[in-house]
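Structure data (CSV, C-alpha atoms) from my_file.csv:
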```
chain,number,residue,atom,x,y,z
A,1,MET,CA,0.0,0.0,0.0
A,2,ARG,CA,2.9,2.4,0.9
A,3,LYS,CA,4.5,1.7,-2.5
A,4,VAL,CA,1.2,2.5,-4.3
A,5,LEU,CA,0.9,5.8,-2.4
A,6,LEU,CA,4.6,6.7,-3.1
A,7,THR,CA,4.1,5.9,-6.8
A,8,ILE,CA,1.0,8.1,-7.0
A,9,PHE,CA,2.8,11.0,-5.2
A,10,PHE,CA,5.9,11.0,-7.5
A,11,PHE,CA,3.7,10.7,-10.7
A,12,CYS,CA,1.7,13.7,-9.6
A,13,LEU,CA,4.9,15.6,-8.8
A,14,ALA,CA,6.3,14.9,-12.2
A,15,THR,CA,3.1,15.9,-13.9
A,16,VAL,CA,3.0,19.2,-12.1
A,17,ALA,CA,6.8,19.8,-12.8
A,18,TRP,CA,6.2,19.2,-16.5
A,19,SER,CA,2.9,21.2,-16.8
A,20,GLN,CA,4.1,24.3,-15.0
A,21,PRO,CA,6.9,25.2,-17.5
A,22,ASN,CA,4.4,24.5,-20.4
A,23,ASP,CA,1.9,26.8,-18.8
A,24,ASP,CA,4.5,29.5,-18.5
A,25,LYS,CA,5.5,29.0,-22.1
A,26,GLN,CA,1.9,29.3,-23.2
A,27,ARG,CA,1.6,32.6,-21.3
A,28,GLN,CA,4.8,33.9,-23.0
A,29,LEU,CA,3.6,32.8,-26.4
A,30,GLU,CA,0.2,34.5,-25.8
A,31,GLU,CA,2.0,37.7,-24.9
A,32,ARG,CA,4.2,37.5,-28.0
A,33,LYS,CA,1.2,36.9,-30.2
A,34,ALA,CA,-0.5,39.9,-28.7
A,35,GLN,CA,2.6,42.0,-29.4
A,36,LEU,CA,2.7,40.7,-33.0
A,37,GLN,CA,-1.0,41.3,-33.6
A,38,LYS,CA,-0.6,44.8,-32.3
A,39,GLU,CA,2.3,45.5,-34.7
A,40,ILE,CA,0.3,44.0,-37.6
A,41,GLN,CA,-2.6,46.3,-36.8
A,42,GLU,CA,-0.1,49.3,-36.9
A,43,VAL,CA,1.3,48.1,-40.2
A,44,GLN,CA,-2.2,47.7,-41.6
A,45,LEU,CA,-3.1,51.3,-40.7
A,46,ARG,CA,0.0,52.7,-42.4
A,47,LEU,CA,-0.7,50.5,-45.4
A,48,GLN,CA,-4.2,51.8,-45.7
A,49,GLU,CA,-2.7,55.4,-45.7
A,50,GLU,CA,-0.2,54.5,-48.4
A,51,ARG,CA,-3.0,52.9,-50.6
A,52,LYS,CA,-5.0,56.2,-50.4
A,53,LYS,CA,-2.1,58.0,-52.0
A,54,GLU,CA,-1.6,55.2,-54.7
A,55,LYS,CA,1.4,57.1,-56.1
A,56,ASN,CA,3.8,55.9,-53.3
A,57,ILE,CA,4.2,52.3,-54.5
A,58,LEU,CA,7.5,51.8,-52.7
A,59,GLY,CA,5.9,52.8,-49.5
A,60,GLN,CA,3.1,50.3,-50.0
A,61,ILE,CA,5.7,47.5,-50.8
A,62,ALA,CA,7.7,48.3,-47.7
A,63,GLN,CA,4.6,48.2,-45.5
A,64,GLN,CA,3.3,45.0,-47.2
A,65,ASN,CA,6.7,43.3,-46.8
A,66,LYS,CA,6.8,44.2,-43.1
A,67,LYS,CA,3.2,42.8,-42.6
A,68,ILE,CA,4.2,39.6,-44.3
A,69,GLN,CA,7.3,39.3,-42.0
A,70,LEU,CA,5.1,39.9,-38.9
A,71,SER,CA,2.5,37.4,-40.2
A,72,GLN,CA,5.1,34.7,-40.6
A,73,LYS,CA,6.3,35.3,-37.0
A,74,LEU,CA,2.7,35.1,-35.8
A,75,ILE,CA,2.2,31.8,-37.7
A,76,ASN,CA,5.4,30.4,-36.2
A,77,THR,CA,4.3,31.5,-32.7
A,78,THR,CA,0.8,29.9,-33.1
A,79,ALA,CA,2.5,26.7,-34.3
A,80,LYS,CA,4.6,26.6,-31.1
A,81,GLN,CA,1.4,27.0,-29.1
A,82,LYS,CA,-0.2,24.1,-31.0
A,83,ARG,CA,2.8,21.9,-30.3
A,84,LEU,CA,2.8,22.7,-26.6
A,85,LEU,CA,-1.0,22.1,-26.3
A,86,SER,CA,-0.5,18.7,-28.1
A,87,ASP,CA,2.1,17.7,-25.6
A,88,ASP,CA,-0.1,18.8,-22.7
A,89,ILE,CA,-3.1,16.9,-24.1
A,90,TYR,CA,-0.9,13.7,-24.6
A,91,LEU,CA,0.5,13.9,-21.1
A,92,LYS,CA,-2.9,14.6,-19.6
A,93,GLN,CA,-4.4,11.6,-21.4
A,94,LEU,CA,-1.6,9.4,-20.0
A,95,GLU,CA,-2.4,10.7,-16.5
A,96,ILE,CA,-6.1,9.9,-17.0
A,97,ASN,CA,-5.4,6.4,-18.3
A,98,LYS,CA,-3.2,5.8,-15.3
A,99,LEU,CA,-5.8,7.2,-12.9
A,100,ASN,CA,-8.4,4.9,-14.4
A,101,ARG,CA,-6.3,1.8,-14.0
A,102,GLU,CA,-5.5,2.7,-10.4
A,103,LEU,CA,-9.1,3.5,-9.6
A,104,LYS,CA,-10.2,0.2,-11.1
A,105,ASP,CA,-7.6,-1.7,-9.0
A,106,LEU,CA,-8.7,0.2,-5.8
A,107,LYS,CA,-12.4,-0.5,-6.4
A,108,THR,CA,-11.7,-4.3,-7.0
A,109,ASP,CA,-9.6,-4.5,-3.8
A,110,TYR,CA,-12.3,-2.6,-1.9
A,111,SER,CA,-15.0,-4.8,-3.3
A,112,ASN,CA,-13.2,-8.0,-2.2
A,113,MET,CA,-12.6,-6.5,1.2
A,114,ILE,CA,-16.3,-5.7,1.6
A,115,VAL,CA,-17.2,-9.3,0.6
A,116,LYS,CA,-14.8,-10.8,3.2
A,117,SER,CA,-16.1,-8.4,5.8
A,118,TYR,CA,-19.7,-9.4,5.0
A,119,LYS,CA,-18.9,-13.1,5.4
A,120,SER,CA,-17.4,-12.4,8.8
A,121,ARG,CA,-19.9,-9.8,9.9
A,122,SER,CA,-21.2,-11.7,12.9
A,123,GLU,CA,-20.4,-10.1,16.2
A,124,GLN,CA,-20.2,-13.6,17.7
A,125,SER,CA,-17.6,-14.7,15.2
A,126,ARG,CA,-15.5,-11.6,16.0
A,127,TYR,CA,-15.7,-12.3,19.7
A,128,MET,CA,-14.9,-16.0,19.2
A,129,PHE,CA,-11.9,-14.9,17.1
A,130,ILE,CA,-10.6,-12.9,20.1
A,131,LEU,CA,-11.6,-15.4,22.9
A,132,SER,CA,-10.1,-18.3,21.1
A,133,SER,CA,-6.7,-16.7,21.6
A,134,GLN,CA,-4.1,-18.9,23.4
A,135,ASN,CA,-3.0,-16.1,25.6
A,136,PHE,CA,-3.5,-12.4,26.4
A,137,LEU,CA,-0.8,-11.2,24.1
A,138,GLN,CA,-2.4,-13.0,21.1
A,139,ALA,CA,-5.8,-11.7,22.0
A,140,TYR,CA,-4.4,-8.1,22.1
A,141,LYS,CA,-2.7,-8.6,18.7
A,142,ARG,CA,-6.0,-9.9,17.2
A,143,MET,CA,-7.9,-6.8,18.6
A,144,GLN,CA,-5.2,-4.5,17.1
A,145,TYR,CA,-5.5,-6.4,13.8
A,146,MET,CA,-9.3,-5.9,13.7
A,147,LYS,CA,-8.8,-2.1,14.4
A,148,GLN,CA,-6.2,-1.9,11.6
A,149,TYR,CA,-8.4,-3.8,9.2
A,150,ALA,CA,-11.3,-1.3,9.9
A,151,SER,CA,-8.9,1.6,9.5
A,152,PHE,CA,-7.5,0.2,6.3
A,153,ARG,CA,-11.1,-0.1,4.9
A,154,LYS,CA,-11.7,3.5,5.7
A,155,MET,CA,-8.4,4.6,4.1
A,156,GLN,CA,-9.2,2.7,0.9
A,157,GLY,CA,-12.6,4.3,0.7
A,158,ASP,CA,-11.0,7.7,1.2
A,159,GLU,CA,-8.4,6.9,-1.5
A,160,ILE,CA,-11.0,5.9,-4.0
A,161,LYS,CA,-12.8,9.2,-3.3
A,162,MET,CA,-9.5,11.1,-3.7
A,163,LYS,CA,-8.6,9.2,-6.9
A,164,SER,CA,-12.1,9.9,-8.4
A,165,ASN,CA,-11.7,13.6,-7.7
A,166,GLU,CA,-8.3,13.6,-9.4
A,167,LEU,CA,-9.7,11.8,-12.4
A,168,SER,CA,-12.6,14.3,-12.6
A,169,GLN,CA,-10.2,17.3,-12.4
A,170,ALA,CA,-7.8,15.8,-15.0
A,171,THR,CA,-10.7,15.1,-17.4
A,172,THR,CA,-11.9,18.8,-17.0
A,173,VAL,CA,-8.3,20.1,-17.7
A,174,LEU,CA,-8.1,17.8,-20.8
A,175,GLU,CA,-11.4,19.2,-22.2
A,176,VAL,CA,-10.1,22.8,-21.6
A,177,LYS,CA,-6.8,21.9,-23.4
A,178,LYS,CA,-8.7,20.4,-26.3
A,179,LYS,CA,-10.9,23.5,-26.7
A,180,GLU,CA,-7.7,25.7,-26.5
A,181,LYS,CA,-6.2,23.6,-29.3
A,182,GLU,CA,-9.3,24.0,-31.4
A,183,LYS,CA,-9.1,27.7,-31.0
A,184,VAL,CA,-5.4,27.8,-31.9
A,185,LEU,CA,-6.0,25.7,-35.0
A,186,ALA,CA,-8.7,28.1,-36.1
A,187,GLU,CA,-6.4,31.0,-35.5
A,188,SER,CA,-3.6,29.3,-37.4
A,189,GLU,CA,-5.8,28.7,-40.5
A,190,LYS,CA,-7.0,32.3,-40.5
A,191,GLU,CA,-3.4,33.6,-40.2
A,192,LYS,CA,-2.3,31.4,-43.1
A,193,ARG,CA,-5.1,32.7,-45.3
A,194,GLU,CA,-4.1,36.3,-44.5
A,195,TYR,CA,-0.5,35.5,-45.2
A,196,GLU,CA,-1.3,34.1,-48.6
A,197,LYS,CA,-3.5,37.1,-49.4
A,198,ASP,CA,-0.7,39.5,-48.4
A,199,LYS,CA,1.9,37.6,-50.6
A,200,ALA,CA,-0.4,37.9,-53.6
A,201,GLU,CA,-0.8,41.7,-53.0
A,202,GLN,CA,3.0,42.0,-52.6
A,203,GLN,CA,3.5,40.3,-56.0
A,204,ARG,CA,1.0,42.6,-57.6
A,205,LEU,CA,2.8,45.7,-56.3
A,206,ALA,CA,6.2,44.3,-57.3
A,207,GLN,CA,4.9,43.9,-60.9
A,208,ILE,CA,3.9,47.6,-60.9
A,209,VAL,CA,7.3,48.6,-59.8
A,210,GLN,CA,9.1,46.5,-62.3
A,211,LYS,CA,7.5,48.6,-65.1
A,212,ASP,CA,9.5,51.6,-64.0
A,213,LYS,CA,12.5,49.9,-62.3
A,214,LYS,CA,15.1,52.6,-63.2
A,215,LYS,CA,13.1,55.4,-61.6
A,216,TYR,CA,12.5,53.6,-58.3
A,217,ALA,CA,16.1,52.2,-58.1
A,218,ALA,CA,17.4,55.7,-58.5
A,219,GLU,CA,15.1,56.9,-55.7
A,220,ILE,CA,16.3,54.1,-53.4
A,221,LYS,CA,20.0,54.9,-54.1
A,222,LYS,CA,19.4,58.6,-53.4
A,223,LYS,CA,17.9,57.8,-50.0
A,224,GLN,CA,20.8,55.4,-49.2
A,225,ALA,CA,23.3,58.2,-50.1
A,226,GLU,CA,21.5,60.6,-47.7
A,227,SER,CA,21.5,57.9,-45.0
A,228,ARG,CA,25.3,57.3,-45.3
A,229,ALA,CA,25.9,61.1,-45.1
A,230,ILE,CA,23.9,61.3,-41.9
A,231,ASP,CA,25.8,58.3,-40.5
A,232,LYS,CA,29.0,60.2,-41.1
A,233,GLN,CA,27.6,63.2,-39.2
A,234,ILE,CA,26.6,61.0,-36.3
A,235,GLN,CA,30.1,59.4,-36.1
A,236,LYS,CA,31.8,62.9,-36.2
A,237,MET,CA,29.4,64.3,-33.5
A,238,ILE,CA,30.0,61.3,-31.2
A,239,ARG,CA,33.8,61.5,-31.5
A,240,GLU,CA,33.7,65.2,-30.7
A,241,ALA,CA,31.4,64.5,-27.8
A,242,ILE,CA,33.7,61.7,-26.4
A,243,ALA,CA,36.7,64.0,-26.6
A,244,ALA,CA,34.8,66.8,-24.8
A,245,ALA,CA,33.4,64.4,-22.1
A,246,ASN,CA,36.8,62.8,-21.5
A,247,LYS,CA,38.4,66.2,-21.0
A,248,LYS,CA,35.6,67.2,-18.6
A,249,ALA,CA,36.0,63.9,-16.7
A,250,ASN,CA,39.7,64.2,-16.3
A,251,ALA,CA,39.4,67.7,-15.1
A,252,SER,CA,36.6,66.9,-12.6
A,253,GLY,CA,38.8,65.1,-10.1
A,254,LYS,CA,36.3,62.2,-9.9
A,255,THR,CA,37.5,58.6,-9.6
A,256,ILE,CA,38.3,57.3,-13.1
A,257,VAL,CA,37.8,53.6,-14.0
A,258,LYS,CA,41.0,52.6,-15.8
A,259,SER,CA,40.9,50.6,-19.0
A,260,THR,CA,42.5,47.1,-19.0
A,261,SER,CA,45.0,48.3,-21.6
A,262,GLY,CA,46.0,51.2,-19.4
A,263,ALA,CA,46.1,53.6,-22.4
A,264,ALA,CA,43.3,56.1,-23.1
A,265,ASP,CA,41.5,55.5,-26.4
A,266,PRO,CA,40.3,58.8,-28.1
A,267,ALA,CA,37.3,56.9,-29.5
A,268,LYS,CA,36.1,55.6,-26.1
A,269,PHE,CA,34.6,57.3,-23.1
A,270,VAL,CA,36.8,57.6,-20.0
A,271,LEU,CA,34.3,56.4,-17.4
A,272,THR,CA,33.9,57.6,-13.8
A,273,THR,CA,32.8,55.1,-11.2
A,274,GLU,CA,29.2,56.3,-11.6
A,275,GLY,CA,29.5,56.1,-15.4
A,276,LYS,CA,30.8,52.5,-15.2
A,277,GLU,CA,27.8,51.6,-13.0
A,278,LEU,CA,25.4,53.2,-15.4
A,279,ALA,CA,27.0,51.3,-18.4
A,280,ASP,CA,26.8,48.0,-16.5
A,281,ASN,CA,23.1,48.6,-15.7
A,282,PHE,CA,22.3,49.4,-19.3
A,283,LYS,CA,24.2,46.3,-20.5
A,284,ALA,CA,22.3,44.2,-18.0
A,285,SER,CA,19.0,45.5,-19.5
A,286,ARG,CA,19.7,44.1,-22.9
A,287,GLY,CA,16.6,42.5,-24.5
A,288,ARG,CA,14.4,44.2,-21.9
A,289,LEU,CA,14.5,47.9,-22.8
A,290,PRO,CA,11.1,49.6,-23.6
A,291,TRP,CA,10.3,50.8,-27.2
A,292,PRO,CA,11.4,54.3,-28.0
A,293,VAL,CA,7.8,55.0,-29.1
A,294,ALA,CA,4.5,54.2,-27.5
A,295,LYS,CA,3.1,52.6,-30.6
A,296,GLY,CA,4.8,51.5,-33.8
A,297,TYR,CA,6.6,48.7,-35.6
A,298,VAL,CA,10.0,48.2,-37.2
A,299,SER,CA,9.7,49.1,-40.9
A,300,LEU,CA,13.4,48.6,-41.7
A,301,GLY,CA,15.7,46.4,-39.7
A,302,TYR,CA,19.3,46.8,-38.8
A,303,GLY,CA,22.3,46.1,-41.1
A,304,ASP,CA,22.6,45.1,-44.8
A,305,GLN,CA,19.5,43.6,-46.3
A,306,PRO,CA,18.0,43.1,-49.8
A,307,HIS,CA,15.4,45.7,-50.8
A,308,PRO,CA,11.9,44.2,-50.7
A,309,SER,CA,11.3,45.2,-54.4
A,310,TYR,CA,14.8,44.6,-55.8
A,311,PRO,CA,16.5,41.6,-54.2
A,312,ASP,CA,19.7,42.4,-56.2
A,313,LEU,CA,19.9,45.9,-54.5
A,314,THR,CA,21.3,45.9,-51.0
A,315,VAL,CA,20.3,48.6,-48.5
A,316,HIS,CA,22.2,49.5,-45.3
A,317,ASN,CA,20.7,50.7,-42.0
A,318,SER,CA,22.9,51.6,-39.0
A,319,GLY,CA,19.9,51.4,-36.7
A,320,VAL,CA,16.2,50.5,-37.0
A,321,GLU,CA,13.5,52.6,-38.6
A,322,ILE,CA,10.2,52.6,-36.6
A,323,THR,CA,7.0,53.7,-38.3
A,324,THR,CA,4.5,55.2,-35.9
A,325,GLU,CA,1.4,57.4,-35.8
A,326,SER,CA,1.4,61.0,-36.9
A,327,GLY,CA,2.1,63.3,-33.9
A,328,SER,CA,3.9,60.6,-31.9
A,329,ASN,CA,6.7,61.4,-29.4
A,330,ALA,CA,10.1,59.8,-29.1
A,331,ARG,CA,10.9,58.5,-25.6
A,332,ALA,CA,14.2,57.6,-23.8
A,333,VAL,CA,14.7,53.8,-23.5
A,334,PHE,CA,16.9,54.1,-20.4
A,335,ALA,CA,17.9,56.6,-17.8
A,336,GLY,CA,20.9,58.8,-18.8
A,337,GLU,CA,22.2,62.3,-19.7
A,338,VAL,CA,21.6,64.1,-22.9
A,339,LEU,CA,25.0,64.1,-24.6
A,340,GLN,CA,24.0,66.3,-27.5
A,341,VAL,CA,21.1,67.7,-29.6
A,342,GLN,CA,22.0,67.8,-33.2
A,343,VAL,CA,20.2,69.7,-36.1
A,344,ILE,CA,20.8,67.6,-39.2
A,345,ASN,CA,18.3,69.7,-41.3
A,346,ALA,CA,15.2,71.7,-40.7
A,347,ASN,CA,13.0,68.6,-40.3
A,348,ASN,CA,15.5,66.2,-38.8
A,349,LYS,CA,16.9,66.8,-35.3
A,350,ALA,CA,18.7,64.1,-33.3
A,351,VAL,CA,18.9,63.6,-29.6
A,352,TYR,CA,21.9,61.7,-28.2
A,353,ILE,CA,21.5,60.2,-24.7
A,354,GLN,CA,24.6,58.8,-22.9
A,355,HIS,CA,24.4,55.7,-20.6
A,356,GLY,CA,28.0,55.3,-19.4
A,357,ASP,CA,29.9,54.3,-22.6
A,358,TYR,CA,26.6,53.4,-24.4
A,359,ILE,CA,24.7,56.0,-26.5
A,360,THR,CA,21.1,55.8,-27.8
A,361,VAL,CA,20.3,58.1,-30.7
A,362,TYR,CA,16.8,59.3,-31.7
A,363,LEU,CA,16.6,60.7,-35.3
A,364,ASN,CA,14.0,62.5,-37.5
A,365,LEU,CA,12.6,64.6,-34.7
A,366,SER,CA,10.8,67.8,-35.8
A,367,SER,CA,11.2,69.3,-32.3
A,368,VAL,CA,13.0,68.3,-29.1
A,369,ALA,CA,11.9,68.6,-25.4
A,370,VAL,CA,15.3,68.2,-23.8
A,371,GLY,CA,18.7,70.0,-23.9
A,372,LYS,CA,22.3,69.1,-23.6
A,373,GLY,CA,23.2,68.0,-20.1
A,374,ASP,CA,19.6,67.2,-19.0
A,375,LYS,CA,19.1,64.1,-17.0
A,376,VAL,CA,16.4,61.9,-18.4
A,377,ALA,CA,14.4,58.9,-17.1
A,378,ALA,CA,13.2,55.8,-19.0
A,379,LYS,CA,10.1,56.4,-21.1
A,380,GLN,CA,10.5,60.2,-20.8
A,381,ASN,CA,9.3,62.3,-23.8
A,382,ILE,CA,12.4,63.7,-25.6
A,383,GLY,CA,10.8,65.1,-28.7
A,384,ARG,CA,8.1,65.0,-31.5
A,385,ILE,CA,8.7,62.7,-34.5
A,386,HIS,CA,8.6,64.5,-37.8
A,387,THR,CA,5.7,63.7,-40.2
A,388,ASN,CA,6.6,64.1,-43.8
A,389,SER,CA,4.4,65.6,-46.6
A,390,SER,CA,2.9,62.2,-47.4
A,391,GLY,CA,1.7,61.9,-43.7
A,392,LYS,CA,4.4,59.3,-42.8
A,393,SER,CA,6.1,59.4,-39.3
A,394,VAL,CA,9.3,57.4,-39.1
A,395,MET,CA,11.9,57.6,-36.4
A,396,LYS,CA,15.4,56.1,-36.8
A,397,PHE,CA,16.8,54.7,-33.6
A,398,LEU,CA,20.4,53.7,-32.9
A,399,VAL,CA,22.3,52.0,-30.1
A,400,LEU,CA,26.1,52.4,-29.9
A,401,GLN,CA,28.9,51.5,-27.5
A,402,ASN,CA,31.3,54.4,-28.0
A,403,THR,CA,31.5,54.7,-31.8
A,404,THR,CA,30.5,51.1,-32.5
A,405,THR,CA,26.9,50.7,-33.8
A,406,LEU,CA,25.0,47.8,-32.3
A,407,ASN,CA,21.8,46.0,-33.4
A,408,PRO,CA,18.9,47.8,-31.5
A,409,GLN,CA,16.6,44.8,-32.1
A,410,SER,CA,18.7,42.7,-29.7
A,411,TRP,CA,18.3,45.4,-27.0
A,412,ILE,CA,14.6,46.3,-27.2
A,413,SER,CA,11.9,44.0,-25.7
A,414,ASN,CA,10.1,42.0,-28.4
A,415,MET,CA,11.4,44.1,-31.2
```
Starting from the coordinates I provided, produce the structure as structure tokens.
Amino acid sequence: MRKVLLTIFFFCLATVAWSQPNDDKQRQLEERKAQLQKEIQEVQLRLQEERKKEKNILGQIAQQNKKIQLSQKLINTTAKQKRLLSDDIYLKQLEINKLNRELKDLKTDYSNMIVKSYKSRSEQSRYMFILSSQNFLQAYKRMQYMKQYASFRKMQGDEIKMKSNELSQATTVLEVKKKEKEKVLAESEKEKREYEKDKAEQQRLAQIVQKDKKKYAAEIKKKQAESRAIDKQIQKMIREAIAAANKKANASGKTIVKSTSGAADPAKFVLTTEGKELADNFKASRGRLPWPVAKGYVSLGYGDQPHPSYPDLTVHNSGVEITTESGSNARAVFAGEVLQVQVINANNKAVYIQHGDYITVYLNLSSVAVGKGDKVAAKQNIGRIHTNSSGKSVMKFLVLQNTTTLNPQSWISNM
């Protein structure tokens, strides 16, 4: 009996240990799906705006391409949910099968015990069983046996009740999991239909662009040249800011954290103890930083990538471009100090925020709400994002360590 109870205990423990991580994963996947669905809605709104203009075919293609990418991620996330639910259902069915077998054995044992008890139900036979003892010790042992027998009967009855409750609960959970899976399967089919529809629309737009390839290719190259020129301005500004900051730090008399090489690098910040702590905190927040806008989606990722309309044409991006609603504000992703406010042109201002030897840069602002030397907090408004003549609001966001550009998508949560 003890072995049976121990087996039941360890099986339940193992089931709980397995199901808990799966439940946590399901919650994480639901959160990820909600984020992706939110981004898809944002893309759809921008896409509808582009379609109203009709003339901006490249803008439509960019939005359509982003929507397809997000839809693919949503489909993959739903597929993971489906696999987890299938695993949960399989394990729960195994648990139910085991509980049914155990309950059947318990009921059989209990039934046999009741039959035996019925056959020896006479009070006289019980007394005779005790009185026929050869000595007092044997009589005492027989009395104890009868008490234990009665206690064991009660325990078996309680165990049958407990096992029946467990079976009922497991069956309920199984039905819930099956309904969840049906819902996920329906969502998966809907997502796939939307994906195929978007792919067809993308091909239609690509065919329109191909008719005037030279014109659009020239437009893309012009924008890339402008982007590279701005990158050079950013690098120049940061080098000048590092030189000025290092001069100030050396003159302040504060404790300086020495580099491992021992020699000062003109392209790196000389950090005080406070600056080193801030840099460490920023680094520790990698992958968990808030978005630099309240609403939006990544319309152009980081690094070298093929253009959505011309796969043979590579475009470069030193940060990420985030499309957002007209009139939106940029916000700091981490606490720090405004290193510089730069005017690139009339409609493009940039805010540089220093976090130790890390810098976050917020470009394409029409106005700024902070000044050089200001202390800022995470999610604080730092400026208004410029809306161009076609009604499009796109902010470029960069993350650097000293003068080295990093991929912002690995720093921002769910980007």
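Counting all atoms listed in the file and comparing A:Lys392, A:Arg239, A:Lys197, A:Lys67, the residue that lies closest to Gln340 of chain A is A:Arg239.
With only the atoms specified (all atoms listed in the file) counting, those residues at most 8 Å away from (20.3, 48.1, -51.0) are A:Ile220, A:Lys221, A:Gln224, A:Asp304, A:Gln305, A:Pro306, A:His307, A:Asp312, A:Leu313, A:Thr314, A:Val315, A:His316.
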With distances taken over all atoms listed in the file, which of A:Leu271, A:Ala217, A:Ile96, A:Ile234 is nearest to Asn250 of chain A?
A:Leu271
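Closest approach to Tyr352 of chain A among A:Ile242, A:Ala294, A:Glu274, A:Ser393: A:Ile242, based on all atoms listed in the file.
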I want to know what sits within 12 Å of segment 31-43 of chain A, based on all atoms listed in the file, with residues of the same chain fewer than 5 positions away left out; could you give that as a PyMOL selection string?
chain A and resi 24-26+48-50+59-81+184+187-188+191+194-195+198+291+294-299+322-326+392+413-415
Identify which of the residues A:Val399, A:Leu339, A:Ala330, A:Ala243 lies closest to Val293 of chain A, counting all atoms listed in the file when measuring atom-to-atom distances.
A:Ala330
Set the distance at 9 Å and use only C-alpha atoms: which residues neighbour Ser285 of chain A once local chain neighbours fewer than 5 positions away are removed? I'd like the list as a list in words.
Asp280, Phe334, Trp411 and Ile412 of chain A
